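Structure below is model20.txt: compact mmCIF, C-alpha atoms.
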# COMPACT_ATOMS: atom_id res chain seq x y z
CA MET F 15 96.34 135.22 84.44
CA GLN F 16 97.65 134.35 87.87
CA ILE F 17 97.23 130.69 88.66
CA VAL F 18 98.76 130.31 92.13
CA GLY F 19 99.12 126.54 92.23
CA LEU F 20 97.29 123.32 92.99
CA GLU F 21 94.11 123.68 95.05
CA TYR F 22 92.84 120.08 95.08
CA LEU F 23 93.62 116.73 93.51
CA VAL F 24 90.54 114.57 92.97
CA PHE F 25 90.88 110.78 92.98
CA GLY F 26 88.48 107.95 92.16
CA ILE F 27 89.37 105.07 94.47
CA ASP F 28 88.21 101.65 95.69
CA ASP F 29 89.56 101.26 99.23
CA MET F 30 87.79 104.15 100.97
CA ALA F 31 88.50 103.17 104.58
CA GLY F 32 92.14 102.37 103.87
CA ALA F 33 92.60 105.63 101.96
CA ARG F 34 91.04 107.64 104.77
CA GLN F 35 93.42 106.14 107.33
CA TYR F 36 96.31 106.68 104.91
CA LEU F 37 95.61 110.41 104.63
CA LEU F 38 95.16 110.82 108.37
CA ASP F 39 98.51 109.09 108.90
CA TYR F 40 100.04 111.29 106.18
CA GLY F 41 98.96 114.21 108.34
CA LEU F 42 96.07 115.79 106.46
CA ASP F 43 93.01 117.05 108.33
CA GLU F 44 89.63 115.48 107.64
CA VAL F 45 87.10 118.06 106.49
CA GLU F 46 84.41 115.58 105.54
CA TYR F 47 84.21 111.81 105.12
CA ASP F 48 81.58 109.29 104.14
CA PRO F 49 82.50 105.61 103.63
CA VAL F 50 80.47 105.46 100.40
CA HIS F 51 80.84 108.88 98.83
CA GLY F 52 84.37 109.75 99.93
CA GLY F 53 85.81 112.81 101.57
CA VAL F 54 87.92 115.93 101.59
CA PHE F 55 91.25 116.15 103.40
CA THR F 56 93.34 119.31 103.67
CA ALA F 57 96.82 120.54 104.45
CA LEU F 58 97.43 123.48 106.78
CA ASP F 59 96.71 126.10 104.09
CA GLY F 60 93.40 124.52 103.01
CA THR F 61 94.66 122.92 99.79
CA GLY F 62 94.02 119.23 99.70
CA LEU F 63 92.83 115.94 98.33
CA VAL F 64 89.29 114.90 97.37
CA MET F 65 88.53 111.19 97.20
CA ARG F 66 85.44 109.74 95.57
CA ALA F 67 84.28 106.25 94.67
CA ALA F 68 85.90 105.28 91.36
CA ASP F 69 82.47 104.82 89.74
CA ASP F 70 81.12 108.20 90.93
CA PRO F 71 79.41 109.65 87.83
CA ARG F 72 80.51 113.18 88.78
CA LEU F 73 84.15 112.34 88.08
CA PRO F 74 85.89 113.10 84.80
CA PRO F 75 86.99 110.00 82.85
CA LEU F 76 90.12 108.03 83.71
CA PRO F 77 93.32 109.31 82.08
CA PRO F 78 94.12 107.40 78.86
CA LYS F 79 94.81 103.68 79.49
CA ALA F 80 94.88 104.16 83.28
CA ALA F 81 93.14 101.73 85.65
CA ARG F 82 91.28 102.63 88.81
CA PRO F 83 92.15 103.79 91.44
CA SER F 84 93.43 106.91 89.71
CA LEU F 85 93.72 110.66 89.66
CA ARG F 86 90.62 112.04 87.94
CA GLU F 87 90.95 115.81 88.15
CA THR F 88 93.54 118.46 89.00
CA VAL F 89 92.02 121.66 90.42
CA TYR F 90 94.09 124.84 90.24
CA GLY F 91 93.57 127.86 92.46
CA VAL F 92 93.63 131.30 90.84
CA ASP F 93 94.08 134.67 92.49
CA ASN F 94 90.66 136.24 91.89
CA ALA F 95 87.34 136.12 90.03
CA ASP F 96 88.66 138.22 87.15
CA THR F 97 91.39 135.70 86.47
CA LEU F 98 88.85 132.89 86.64
CA ALA F 99 86.63 134.69 84.10
CA THR F 100 89.62 135.21 81.81
CA ILE F 101 90.58 131.54 82.02
CA ARG F 102 86.99 130.50 81.37
CA ALA F 103 86.77 132.70 78.26
CA HIS F 104 90.15 131.42 77.05
CA LEU F 105 89.12 127.79 77.48
CA GLU F 106 85.64 128.22 76.01
CA ALA F 107 87.25 129.54 72.84
CA GLU F 108 89.15 126.30 72.33
CA ARG F 109 87.25 123.45 73.99
CA GLU F 110 84.19 122.19 75.83
CA VAL F 111 83.92 123.72 79.31
CA HIS F 112 81.62 122.94 82.23
CA VAL F 113 81.02 125.42 85.04
CA ASP F 114 79.58 123.87 88.21
CA ALA F 115 77.27 125.40 90.82
CA ASN F 116 80.26 126.72 92.79
CA GLY F 117 81.64 128.51 89.75
CA THR F 118 84.54 126.06 89.29
CA VAL F 119 85.53 125.80 85.61
CA HIS F 120 86.11 122.23 84.40
CA CYS F 121 87.49 120.84 81.14
CA MET F 122 89.83 118.18 79.74
CA ASP F 123 93.43 119.13 78.96
CA ASP F 124 95.18 118.06 75.75
CA ALA F 125 96.64 114.94 77.38
CA GLY F 126 93.25 113.57 78.49
CA PHE F 127 93.48 114.64 82.14
CA GLY F 128 90.58 116.42 83.82
CA VAL F 129 91.52 119.93 84.91
CA ALA F 130 89.59 122.63 86.75
CA PHE F 131 90.03 126.18 88.02
CA MET F 132 88.58 127.98 91.03
CA VAL F 133 89.37 131.08 93.08
CA THR F 134 91.88 129.90 95.65
CA GLN F 135 90.73 129.41 99.23
CA ARG F 136 94.25 129.13 100.61
CA ARG F 137 94.45 130.55 104.12
CA PRO F 138 97.18 131.73 106.47
CA TYR F 139 98.09 129.22 109.17
CA GLU F 140 100.25 128.84 112.23
CA ALA F 141 102.89 126.16 112.33
CA ARG F 142 106.16 125.66 114.12
CA TYR F 143 108.86 128.05 112.87
CA LEU F 144 111.67 125.97 111.45
CA GLY F 145 115.11 127.50 111.71
CA PHE F 146 118.56 126.02 111.17
CA ASN F 147 121.74 126.84 113.00
CA VAL F 148 124.43 127.30 110.39
CA PRO F 149 127.97 128.41 111.34
CA GLY F 150 128.75 131.71 109.68
CA GLN F 151 125.08 132.71 109.54
CA PRO F 152 122.84 134.26 112.20
CA PRO F 153 121.27 131.61 114.49
CA GLY F 154 118.21 130.00 112.98
CA ARG F 155 116.61 129.21 116.33
CA GLU F 156 116.48 130.89 119.70
CA PRO F 157 118.75 129.52 122.44
CA ASN F 158 117.16 126.51 124.17
CA ASP F 159 114.80 125.81 121.28
CA CYS F 160 115.43 122.08 120.77
CA ALA F 161 114.74 120.98 117.20
CA ALA F 162 114.50 117.22 117.70
CA ASN F 163 111.14 116.20 119.14
CA PRO F 164 110.22 112.52 118.80
CA ASP F 165 106.54 113.39 119.35
CA GLU F 166 106.39 116.28 116.90
CA VAL F 167 103.06 116.41 115.08
CA ILE F 168 104.15 116.92 111.46
CA LYS F 169 101.58 118.13 108.97
CA PRO F 170 101.79 118.81 105.25
CA ARG F 171 101.68 122.57 104.77
CA THR F 172 100.44 122.92 101.20
CA LEU F 173 99.70 120.90 98.09
CA SER F 174 102.81 121.01 95.91
CA HIS F 175 102.84 119.20 92.59
CA VAL F 176 101.45 116.48 90.38
CA VAL F 177 103.14 114.42 87.67
CA TYR F 178 101.49 113.02 84.54
CA PHE F 179 102.53 110.55 81.90
CA VAL F 180 101.32 111.95 78.57
CA GLU F 181 101.35 110.64 75.02
CA ASP F 182 102.24 113.94 73.32
CA VAL F 183 104.22 116.17 75.64
CA LYS F 184 104.53 119.03 73.15
CA LYS F 185 100.77 119.29 72.81
CA ALA F 186 100.22 118.91 76.56
CA GLU F 187 102.85 121.55 77.32
CA ALA F 188 101.31 124.03 74.89
CA PHE F 189 97.95 123.80 76.67
CA TYR F 190 99.54 124.88 79.96
CA ALA F 191 101.78 127.47 78.30
CA ARG F 192 98.64 129.16 76.97
CA LEU F 193 97.45 129.36 80.60
CA GLY F 194 100.61 131.20 81.65
CA PHE F 195 102.73 128.29 82.85
CA THR F 196 106.47 128.59 82.23
CA VAL F 197 109.06 125.86 81.89
CA THR F 198 111.65 125.91 84.69
CA ASP F 199 113.68 122.87 83.66
CA ARG F 200 113.40 119.96 81.31
CA PHE F 201 114.44 116.33 81.05
CA ASN F 202 115.53 115.81 77.45
CA HIS F 203 113.15 113.60 75.47
CA LEU F 204 110.83 113.27 78.50
CA GLY F 205 109.22 116.56 79.38
CA PRO F 206 109.06 119.85 81.27
CA PHE F 207 108.81 121.02 84.85
CA MET F 208 106.29 123.86 84.79
CA ARG F 209 105.11 126.51 87.19
CA PRO F 210 102.11 128.81 86.80
CA ALA F 211 102.59 132.59 86.94
CA GLY F 212 101.34 132.95 90.52
CA THR F 213 104.02 130.91 92.28
CA HIS F 214 107.83 130.80 92.36
CA ASP F 215 107.89 127.07 93.16
CA HIS F 216 110.13 125.18 90.75
CA HIS F 217 107.18 123.11 89.59
CA THR F 218 103.57 122.38 90.31
CA LEU F 219 103.35 120.20 87.21
CA PHE F 220 105.83 117.79 85.67
CA MET F 221 104.91 115.90 82.52
CA ILE F 222 106.69 112.86 81.15
CA GLU F 223 106.14 111.69 77.59
CA SER F 224 105.29 108.00 77.57
CA GLN F 225 108.17 105.96 76.18
CA ASN F 226 106.17 102.73 76.34
CA ASP F 227 102.84 101.30 77.43
CA HIS F 228 104.01 101.25 81.05
CA MET F 229 103.97 104.99 81.41
CA ILE F 230 100.34 105.99 81.83
CA GLY F 231 98.18 108.11 84.09
CA CYS F 232 99.40 109.92 87.17
CA ASN F 233 102.93 109.08 88.30
CA HIS F 234 102.92 110.80 91.70
CA PHE F 235 101.77 113.79 93.71
CA THR F 236 102.92 115.48 96.88
CA PHE F 237 102.38 118.06 99.56
CA HIS F 238 105.20 120.26 100.88
CA LEU F 239 106.38 119.50 104.40
CA GLY F 240 108.34 122.08 106.36
CA SER F 241 111.89 120.78 106.04
CA SER F 242 114.18 117.95 105.07
CA GLY F 243 114.09 116.88 108.71
CA GLU F 244 110.32 116.66 108.56
CA VAL F 245 110.51 114.53 105.40
CA LEU F 246 112.82 112.09 107.19
CA GLN F 247 110.95 112.03 110.50
CA HIS F 248 107.45 111.87 109.03
CA GLY F 249 108.54 109.30 106.43
CA TRP F 250 110.06 107.22 109.21
CA ASN F 251 106.78 107.42 111.14
CA PHE F 252 105.03 106.23 107.98
CA VAL F 253 107.37 103.27 107.60
CA LYS F 254 106.76 102.26 111.21
CA LYS F 255 103.02 102.27 110.57
CA GLY F 256 103.58 99.64 107.89
CA TYR F 257 103.41 101.84 104.79
CA LYS F 258 105.59 100.78 101.89
CA SER F 259 108.44 102.97 100.69
CA PHE F 260 108.74 103.17 96.90
CA TRP F 261 111.78 105.45 96.50
CA GLY F 262 113.75 107.43 99.02
CA PRO F 263 114.57 109.28 101.08
CA GLY F 264 116.72 111.33 98.76
CA ARG F 265 117.13 114.75 97.21
CA HIS F 266 116.25 115.66 93.65
CA VAL F 267 118.59 117.72 91.49
CA LEU F 268 116.02 119.68 89.45
CA GLY F 269 113.96 121.55 92.04
CA SER F 270 116.33 120.54 94.88
CA ASN F 271 113.40 119.10 96.82
CA TYR F 272 113.99 116.38 99.35
CA PHE F 273 111.80 113.41 98.51
CA TRP F 274 110.44 110.15 99.87
CA TYR F 275 107.87 108.26 97.81
CA PHE F 276 105.40 105.67 99.13
CA ASN F 277 102.89 103.32 97.55
CA SER F 278 99.35 104.57 98.05
CA PRO F 279 95.71 103.56 97.53
CA PHE F 280 95.34 106.42 95.02
CA GLY F 281 96.80 104.70 91.96
CA ALA F 282 100.03 106.70 92.12
CA THR F 283 102.87 107.04 94.56
CA ILE F 284 102.62 109.84 97.11
CA GLU F 285 105.69 111.87 97.97
CA PHE F 286 106.87 113.55 101.15
CA ASP F 287 108.54 116.72 99.83
CA ALA F 288 110.35 119.74 101.24
CA ASP F 289 112.65 122.64 100.42
CA MET F 290 111.95 123.11 96.73
CA ASP F 291 113.79 125.85 94.83
CA LEU F 292 112.05 129.10 93.91
CA HIS F 293 112.48 130.75 90.51
CA ASP F 294 111.58 134.02 88.86
CA ALA F 295 111.49 135.40 85.34
CA THR F 296 115.29 135.81 85.21
CA TRP F 297 115.81 132.02 85.37
CA THR F 298 117.17 130.21 82.33
CA PRO F 299 115.72 126.69 82.14
CA ARG F 300 118.14 123.79 82.25
CA ALA F 301 117.83 120.77 80.00
CA VAL F 302 119.41 117.53 81.24
CA ASP F 303 119.34 113.92 80.24
CA PRO F 304 117.14 111.65 82.35
CA GLY F 305 118.64 108.88 84.47
CA ALA F 306 119.60 108.03 88.02
CA ASP F 307 122.37 110.62 88.40
CA ASN F 308 120.21 113.51 87.23
CA SER F 309 117.19 112.35 89.24
CA GLN F 310 118.82 112.62 92.66
CA ILE F 311 122.04 113.78 94.26
CA PHE F 312 121.78 111.03 96.88
CA LEU F 313 119.47 108.19 97.82
CA PHE F 314 119.08 106.32 101.10
CA GLU F 315 116.83 103.58 102.39
CA ALA F 316 115.24 103.33 105.80
CA ARG F 317 116.62 100.81 108.25
CA ASN F 318 115.66 99.81 111.75
CA LYS F 319 116.96 101.89 114.64
CA TRP F 320 120.16 100.78 116.25
CA ALA F 321 122.66 102.14 118.75
CA PRO F 322 126.30 101.34 119.41
CA GLY F 323 126.60 98.84 122.25
CA GLU F 324 123.18 97.28 121.81
CA MET T 11 103.41 66.84 108.71
CA THR T 12 106.71 65.87 107.21
CA ALA T 13 108.52 68.14 104.82
CA ARG T 14 109.09 66.84 101.36
CA ALA T 15 112.54 67.29 99.97
CA GLU T 16 113.30 70.89 99.07
CA GLU T 17 110.24 72.29 100.77
CA ARG T 18 109.77 74.60 103.70
CA LEU T 19 106.83 75.37 105.96
CA LEU T 20 105.60 78.89 105.20
CA CYS T 21 102.68 79.28 107.62
CA THR T 22 99.43 77.69 108.61
CA LEU T 23 96.32 78.20 106.52
CA ASP T 24 94.73 80.03 109.43
CA ASP T 25 97.53 82.61 109.36
CA ILE T 26 95.99 84.00 106.16
CA PRO T 27 92.50 85.49 106.48
CA ASP T 28 90.07 83.83 104.06
CA GLY T 29 89.57 86.18 101.11
CA GLY T 30 92.54 88.24 102.24
CA ALA T 31 96.28 88.49 101.82
CA ARG T 32 99.44 88.70 103.88
CA GLY T 33 103.02 89.71 103.27
CA LEU T 34 105.43 87.01 104.52
CA LEU T 35 109.17 86.26 104.65
CA ARG T 36 110.36 89.59 105.97
CA GLU T 37 113.74 90.82 104.75
CA GLY T 38 114.70 94.16 106.23
CA LEU T 39 111.61 96.34 105.94
CA ASP T 40 109.99 94.43 103.07
CA ASP T 41 108.14 91.11 102.72
CA ARG T 42 109.38 88.86 99.93
CA LEU T 43 106.05 87.11 99.40
CA CYS T 44 102.48 88.13 98.70
CA VAL T 45 100.23 85.31 99.94
CA VAL T 46 96.52 85.25 99.06
CA ARG T 47 93.96 82.81 100.44
CA GLN T 48 90.66 81.86 98.85
CA GLY T 49 88.95 79.19 100.95
CA ALA T 50 91.26 76.19 101.14
CA GLU T 51 93.46 77.49 98.32
CA VAL T 52 96.56 79.62 98.74
CA PHE T 53 98.34 81.55 96.00
CA VAL T 54 101.91 82.62 96.68
CA TRP T 55 103.66 85.29 94.58
CA LEU T 56 106.96 87.09 94.80
CA ASN T 57 106.18 90.56 96.14
CA ASP T 58 107.82 92.15 93.13
CA CYS T 59 105.81 94.14 90.60
CA PRO T 60 107.07 93.49 87.04
CA HIS T 61 106.66 97.22 86.33
CA GLU T 62 109.41 98.65 88.53
CA HIS T 63 110.31 95.68 90.73
CA ARG T 64 109.19 97.20 93.98
CA PRO T 65 106.91 95.78 96.69
CA MET T 66 103.24 96.02 95.75
CA GLU T 67 101.26 96.68 98.93
CA TYR T 68 100.60 100.21 100.16
CA ARG T 69 100.58 99.12 103.77
CA GLN T 70 101.40 95.93 105.64
CA ASP T 71 99.28 93.13 104.07
CA ARG T 72 97.25 95.54 101.87
CA PHE T 73 97.74 93.79 98.52
CA LEU T 74 94.17 93.38 97.30
CA SER T 75 91.75 95.65 95.48
CA GLY T 76 88.98 97.27 97.49
CA ASP T 77 86.62 94.41 96.60
CA GLY T 78 89.26 91.74 97.27
CA GLU T 79 88.93 90.42 93.71
CA HIS T 80 92.50 90.90 92.53
CA ILE T 81 96.02 91.89 93.50
CA VAL T 82 96.95 95.53 93.00
CA CYS T 83 100.40 97.08 92.92
CA TYR T 84 99.75 100.29 94.78
CA ALA T 85 102.73 102.08 93.26
CA HIS T 86 101.07 102.68 89.89
CA SER T 87 97.81 100.70 89.87
CA ALA T 88 98.84 97.50 88.09
CA HIS T 89 96.12 94.87 88.53
CA PHE T 90 96.87 91.14 88.68
CA ASP T 91 94.71 88.02 88.57
CA ILE T 92 94.99 86.30 91.95
CA ARG T 93 95.11 82.80 90.42
CA THR T 94 97.29 83.31 87.34
CA GLY T 95 99.37 86.35 88.37
CA LEU T 96 98.67 87.93 84.98
CA CYS T 97 98.63 91.72 84.88
CA PHE T 98 95.36 92.53 83.10
CA ALA T 99 95.33 96.32 83.57
CA GLY T 100 97.80 99.04 84.33
CA PRO T 101 101.39 99.82 83.46
CA CYS T 102 102.65 96.23 82.98
CA ALA T 103 99.59 94.71 81.31
CA GLY T 104 100.43 91.34 79.77
CA GLN T 105 103.28 90.61 82.19
CA SER T 106 102.97 88.29 85.18
CA LEU T 107 103.96 88.01 88.79
CA VAL T 108 106.45 85.25 89.61
CA LYS T 109 104.68 82.27 91.14
CA VAL T 110 106.09 80.47 94.17
CA PRO T 111 105.08 76.79 94.09
CA ALA T 112 102.95 76.06 97.13
CA ARG T 113 100.69 73.34 98.49
CA VAL T 114 98.32 73.14 101.42
CA GLU T 115 98.16 69.99 103.49
CA ASN T 116 96.61 69.45 106.89
CA GLY T 117 96.17 73.16 107.38
CA GLU T 118 99.80 73.95 106.60
CA VAL T 119 101.19 75.92 103.67
CA TRP T 120 104.40 74.54 102.18
CA ILE T 121 106.52 76.29 99.57
CA ALA T 122 109.68 75.50 97.64
CA ALA T 123 112.70 75.83 99.90
CA GLU T 124 114.41 77.94 97.28
CA LEU T 125 112.34 80.82 95.97
CA PRO T 126 112.15 81.37 92.24
CA SER T 127 113.90 84.44 90.89
CA ILE T 128 112.48 87.20 88.75
CA PHE T 129 115.32 86.29 86.40
CA ASP T 130 114.17 82.67 86.00
Let me see whether you can do it: turn the structure in this file into structure tokens.
Amino acid sequence: MQIVGLEYLVFGIDDMAGARQYLLDYGLDEVEYDPVHGGVFTALDGTGLVMRAADDPRLPPLPPKAARPSLRETVYGVDNADTLATIRAHLEAEREVHVDANGTVHCMDDAGFGVAFMVTQRRPYEARYLGFNVPGQPPGREPNDCAANPDEVIKPRTLSHVVYFVEDVKKAEAFYARLGFTVTDRFNHLGPFMRPAGTHDHHTLFMIESQNDHMIGCNHFTFHLGSSGEVLQHGWNFVKKGYKSFWGPGRHVLGSNYFWYFNSPFGATIEFDADMDLHDATWTPRAVDPGADNSQIFLFEARNKWAPGE
Amino acid sequence: MTARAEERLLCTLDDIPDGGARGLLREGLDDRLCVVRQGAEVFVWLNDCPHEHRPMEYRQDRFLSGDGEHIVCYAHSAHFDIRTGLCFAGPCAGQSLVKVPARVENGEVWIAAELPSIFD
């Protein structure tokens, strides 16, 4: 079974107009939008976010104890129809499954989160080549190619990962292990970073076992941007539009991804993410204790622009 | 209008849209207060979610639910009663926002000169 990664995240929300503007400012492209029924917004490769009214009867139930707005379904892309048929047969043997008119296979996972599978529609795309000039290495950019462009249009390239709080992480992890996910790293007593067989990304799914009643539902989700510089520049643009930083910018240890989290109208924080590690079957998972030092190697906060002499 | 002892003028009533909210008292890039107006009444809260003690709005002044009926922390969907500050759903259910004493007189909103602390 080759699950290649996240295809869509589906949210049930209340502030449709605000959410639409939020996603446009985040840099996604609007595929469809209706102020009552919601819309579909995609990254450069066609993966994306679906938003629906929180009371839309088509949506799976809220995750346990979560309040709306909230994540309602995580849709994975798989490599081909044979894989989809295999996954469907596997799931039908162990739980209730619903196949919709498009052939997408829906069910509930063992943590109470809606999950679905479809043949991926990811597409090739053109975007600015990002190279870095590093002494001792061949030049990353051609001569005269200036990297810093205040007017750069920065767009998320692909949907990256989603993070759940779950009541029983062992049970939740086993469900995804049976679908071919492997553990890349783990926070002791909290939970695993997992990647499906069809991607080398450090994680597309991170699950945290609830330690108290505060830890419920979806914690955050993110798309990959092109670089750390894009995380900083696009996050700064976001701050200047009045959006509220939750955590960052910084760089995680496990996964090495640069991060910047913002409050969002989706019931979870949204992350700006870039430069995640890749892993293969030779990797030995690490297990570390949770806490500030193991969550990031550095953390900064935005501040207003300033120049010497002003 | 004359200030009572230990009070400060926050804003005029008209600065807050009726049925809406504003973030006020900017410090750096964040607003210290979440101010909600319902008719002639104003409810002033520290902009500090008891869940993870971060600002609650997702964008400037966007503190309320889609229907305007309650305050939402848009980090992790905690929902608060506008009048009591009680979190009735979400990750800090049962906890409360910290209230800033306020009164409205002659179209002006006055608050305590010294803000309460989340440690009070």
As a compact mmCIF listing (two decimals) with C-alpha atoms, keeping the file's coordinate frame, please: the residues near Asp40 of chain T (cut-off 12 Å, all atoms listed in the file, same-chain neighbours under 3 positions excluded).
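Printed below is out-v1.txt as written:
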# COMPACT_ATOMS: atom_id res chain seq x y z
CA VAL F 253 107.37 103.27 107.60
CA LYS F 254 106.76 102.26 111.21
CA GLY F 256 103.58 99.64 107.89
CA TYR F 257 103.41 101.84 104.79
CA LYS F 258 105.59 100.78 101.89
CA SER F 259 108.44 102.97 100.69
CA PHE F 260 108.74 103.17 96.90
CA GLU F 315 116.83 103.58 102.39
CA ALA F 316 115.24 103.33 105.80
CA ARG F 317 116.62 100.81 108.25
CA ASN F 318 115.66 99.81 111.75
CA GLY T 33 103.02 89.71 103.27
CA LEU T 34 105.43 87.01 104.52
CA LEU T 35 109.17 86.26 104.65
CA ARG T 36 110.36 89.59 105.97
CA GLU T 37 113.74 90.82 104.75
CA LEU T 43 106.05 87.11 99.40
CA CYS T 44 102.48 88.13 98.70
CA LEU T 56 106.96 87.09 94.80
CA ASN T 57 106.18 90.56 96.14
CA ASP T 58 107.82 92.15 93.13
CA ARG T 64 109.19 97.20 93.98
CA PRO T 65 106.91 95.78 96.69
CA MET T 66 103.24 96.02 95.75
CA GLU T 67 101.26 96.68 98.93
CA TYR T 68 100.60 100.21 100.16
CA ARG T 69 100.58 99.12 103.77
CA GLN T 70 101.40 95.93 105.64
CA ASP T 71 99.28 93.13 104.07
Contacts of Ala57 of chain F within 9 Å, all atoms listed in the file, excl. fewer than 4 positions in-chain, as a list of chain:residue names: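 My list of contacting residues is F:Gly41, F:Leu42, F:Asp43, F:Thr61, F:Gly62, F:Leu63, F:Lys169, F:Pro170, F:Arg171, F:Thr172, F:Leu173, F:Phe237.
Residues in contact with Asp96 of chain F at 12 Å, where only C-alpha atoms are counted and same-chain residues fewer than 2 positions away are skipped, are listed as Met15, Gln16, Ile17, Val92, Asp93, Asn94, Leu98, Ala99, Thr100, Ile101, Arg102, Ala103, Met132 and Val133 of chain F.
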Distance filter 10 Å, all atoms listed in the file, chain F against chain T, as a ChimeraX atom specification: /F:27-33,36,79-84,226-234,252-261,275-284,315-318
Those selected residues, please, written with C-alpha atoms and delivered as a PDB file, in the coordinates of the input.
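Result written to selection.pdb:
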ATOM      1  CA  ILE F  27      89.370 105.070  94.470  1.00  0.00           C
ATOM      2  CA  ASP F  28      88.210 101.650  95.690  1.00  0.00           C
ATOM      3  CA  ASP F  29      89.560 101.260  99.230  1.00  0.00           C
ATOM      4  CA  MET F  30      87.790 104.150 100.970  1.00  0.00           C
ATOM      5  CA  ALA F  31      88.500 103.170 104.580  1.00  0.00           C
ATOM      6  CA  GLY F  32      92.140 102.370 103.870  1.00  0.00           C
ATOM      7  CA  ALA F  33      92.600 105.630 101.960  1.00  0.00           C
ATOM      8  CA  TYR F  36      96.310 106.680 104.910  1.00  0.00           C
ATOM      9  CA  LYS F  79      94.810 103.680  79.490  1.00  0.00           C
ATOM     10  CA  ALA F  80      94.880 104.160  83.280  1.00  0.00           C
ATOM     11  CA  ALA F  81      93.140 101.730  85.650  1.00  0.00           C
ATOM     12  CA  ARG F  82      91.280 102.630  88.810  1.00  0.00           C
ATOM     13  CA  PRO F  83      92.150 103.790  91.440  1.00  0.00           C
ATOM     14  CA  SER F  84      93.430 106.910  89.710  1.00  0.00           C
ATOM     15  CA  ASN F 226     106.170 102.730  76.340  1.00  0.00           C
ATOM     16  CA  ASP F 227     102.840 101.300  77.430  1.00  0.00           C
ATOM     17  CA  HIS F 228     104.010 101.250  81.050  1.00  0.00           C
ATOM     18  CA  MET F 229     103.970 104.990  81.410  1.00  0.00           C
ATOM     19  CA  ILE F 230     100.340 105.990  81.830  1.00  0.00           C
ATOM     20  CA  GLY F 231      98.180 108.110  84.090  1.00  0.00           C
ATOM     21  CA  CYS F 232      99.400 109.920  87.170  1.00  0.00           C
ATOM     22  CA  ASN F 233     102.930 109.080  88.300  1.00  0.00           C
ATOM     23  CA  HIS F 234     102.920 110.800  91.700  1.00  0.00           C
ATOM     24  CA  PHE F 252     105.030 106.230 107.980  1.00  0.00           C
ATOM     25  CA  VAL F 253     107.370 103.270 107.600  1.00  0.00           C
ATOM     26  CA  LYS F 254     106.760 102.260 111.210  1.00  0.00           C
ATOM     27  CA  LYS F 255     103.020 102.270 110.570  1.00  0.00           C
ATOM     28  CA  GLY F 256     103.580  99.640 107.890  1.00  0.00           C
ATOM     29  CA  TYR F 257     103.410 101.840 104.790  1.00  0.00           C
ATOM     30  CA  LYS F 258     105.590 100.780 101.890  1.00  0.00           C
ATOM     31  CA  SER F 259     108.440 102.970 100.690  1.00  0.00           C
ATOM     32  CA  PHE F 260     108.740 103.170  96.900  1.00  0.00           C
ATOM     33  CA  TRP F 261     111.780 105.450  96.500  1.00  0.00           C
ATOM     34  CA  TYR F 275     107.870 108.260  97.810  1.00  0.00           C
ATOM     35  CA  PHE F 276     105.400 105.670  99.130  1.00  0.00           C
ATOM     36  CA  ASN F 277     102.890 103.320  97.550  1.00  0.00           C
ATOM     37  CA  SER F 278      99.350 104.570  98.050  1.00  0.00           C
ATOM     38  CA  PRO F 279      95.710 103.560  97.530  1.00  0.00           C
ATOM     39  CA  PHE F 280      95.340 106.420  95.020  1.00  0.00           C
ATOM     40  CA  GLY F 281      96.800 104.700  91.960  1.00  0.00           C
ATOM     41  CA  ALA F 282     100.030 106.700  92.120  1.00  0.00           C
ATOM     42  CA  THR F 283     102.870 107.040  94.560  1.00  0.00           C
ATOM     43  CA  ILE F 284     102.620 109.840  97.110  1.00  0.00           C
ATOM     44  CA  GLU F 315     116.830 103.580 102.390  1.00  0.00           C
ATOM     45  CA  ALA F 316     115.240 103.330 105.800  1.00  0.00           C
ATOM     46  CA  ARG F 317     116.620 100.810 108.250  1.00  0.00           C
ATOM     47  CA  ASN F 318     115.660  99.810 111.750  1.00  0.00           C
TER      48      ASN F 318
END
Find the residues around Asn147 of chain F up to 12 Å (only C-alpha atoms counted), leave out those fewer than 4 positions away in its own chain, and share them as a PyMOL selection string. chain F and resi 151-157+159-161
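Counting from atom CA of Phe235 of chain F, the distance to atom CA of His175 of chain F is 5.6 Å.
Atom pair atom CA of Asn116 of chain T / atom CA of Thr22 of chain T: separated by 8.9 Å.
Distance annotation: of T:Glu51, T:Asp91, T:Glu17, T:Asp41, the residue with the minimal separation from Gly117 of chain T is T:Glu51; atom set is all atoms listed in the file.
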Show me the residues close to (88.4, 112.3, 97.7) - anything with an atom within 8 Å, counting only C-alpha atoms - and format the list as a CSV table (one decimal) with C-alpha atoms, in the frame of the given file.
chain,number,residue,atom,x,y,z
F,24,VAL,CA,90.5,114.6,93.0
F,25,PHE,CA,90.9,110.8,93.0
F,26,GLY,CA,88.5,108.0,92.2
F,27,ILE,CA,89.4,105.1,94.5
F,52,GLY,CA,84.4,109.8,99.9
F,53,GLY,CA,85.8,112.8,101.6
F,54,VAL,CA,87.9,115.9,101.6
F,55,PHE,CA,91.2,116.2,103.4
F,63,LEU,CA,92.8,115.9,98.3
F,64,VAL,CA,89.3,114.9,97.4
F,65,MET,CA,88.5,111.2,97.2
F,66,ARG,CA,85.4,109.7,95.6
F,67,ALA,CA,84.3,106.2,94.7
Using all atoms listed in the file, find all polymer residues with an atom at most 12 Å away from the point (100.1, 124.7, 78.7); report them as number ranges by chain. F: 17, 105, 123-125, 129, 183-197, 206-211, 219-221
Please identify all polymer residues within 9 Å of Arg47 of chain T, counting only C-alpha atoms, omitting same-chain residues fewer than 6 positions from it, and present them as a PyMOL selection string. chain T and resi 23+26-32+53-54
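Relative to atom CA of Asp289 of chain F, atom CA of Asn271 of chain F is found at 5.1 Å.
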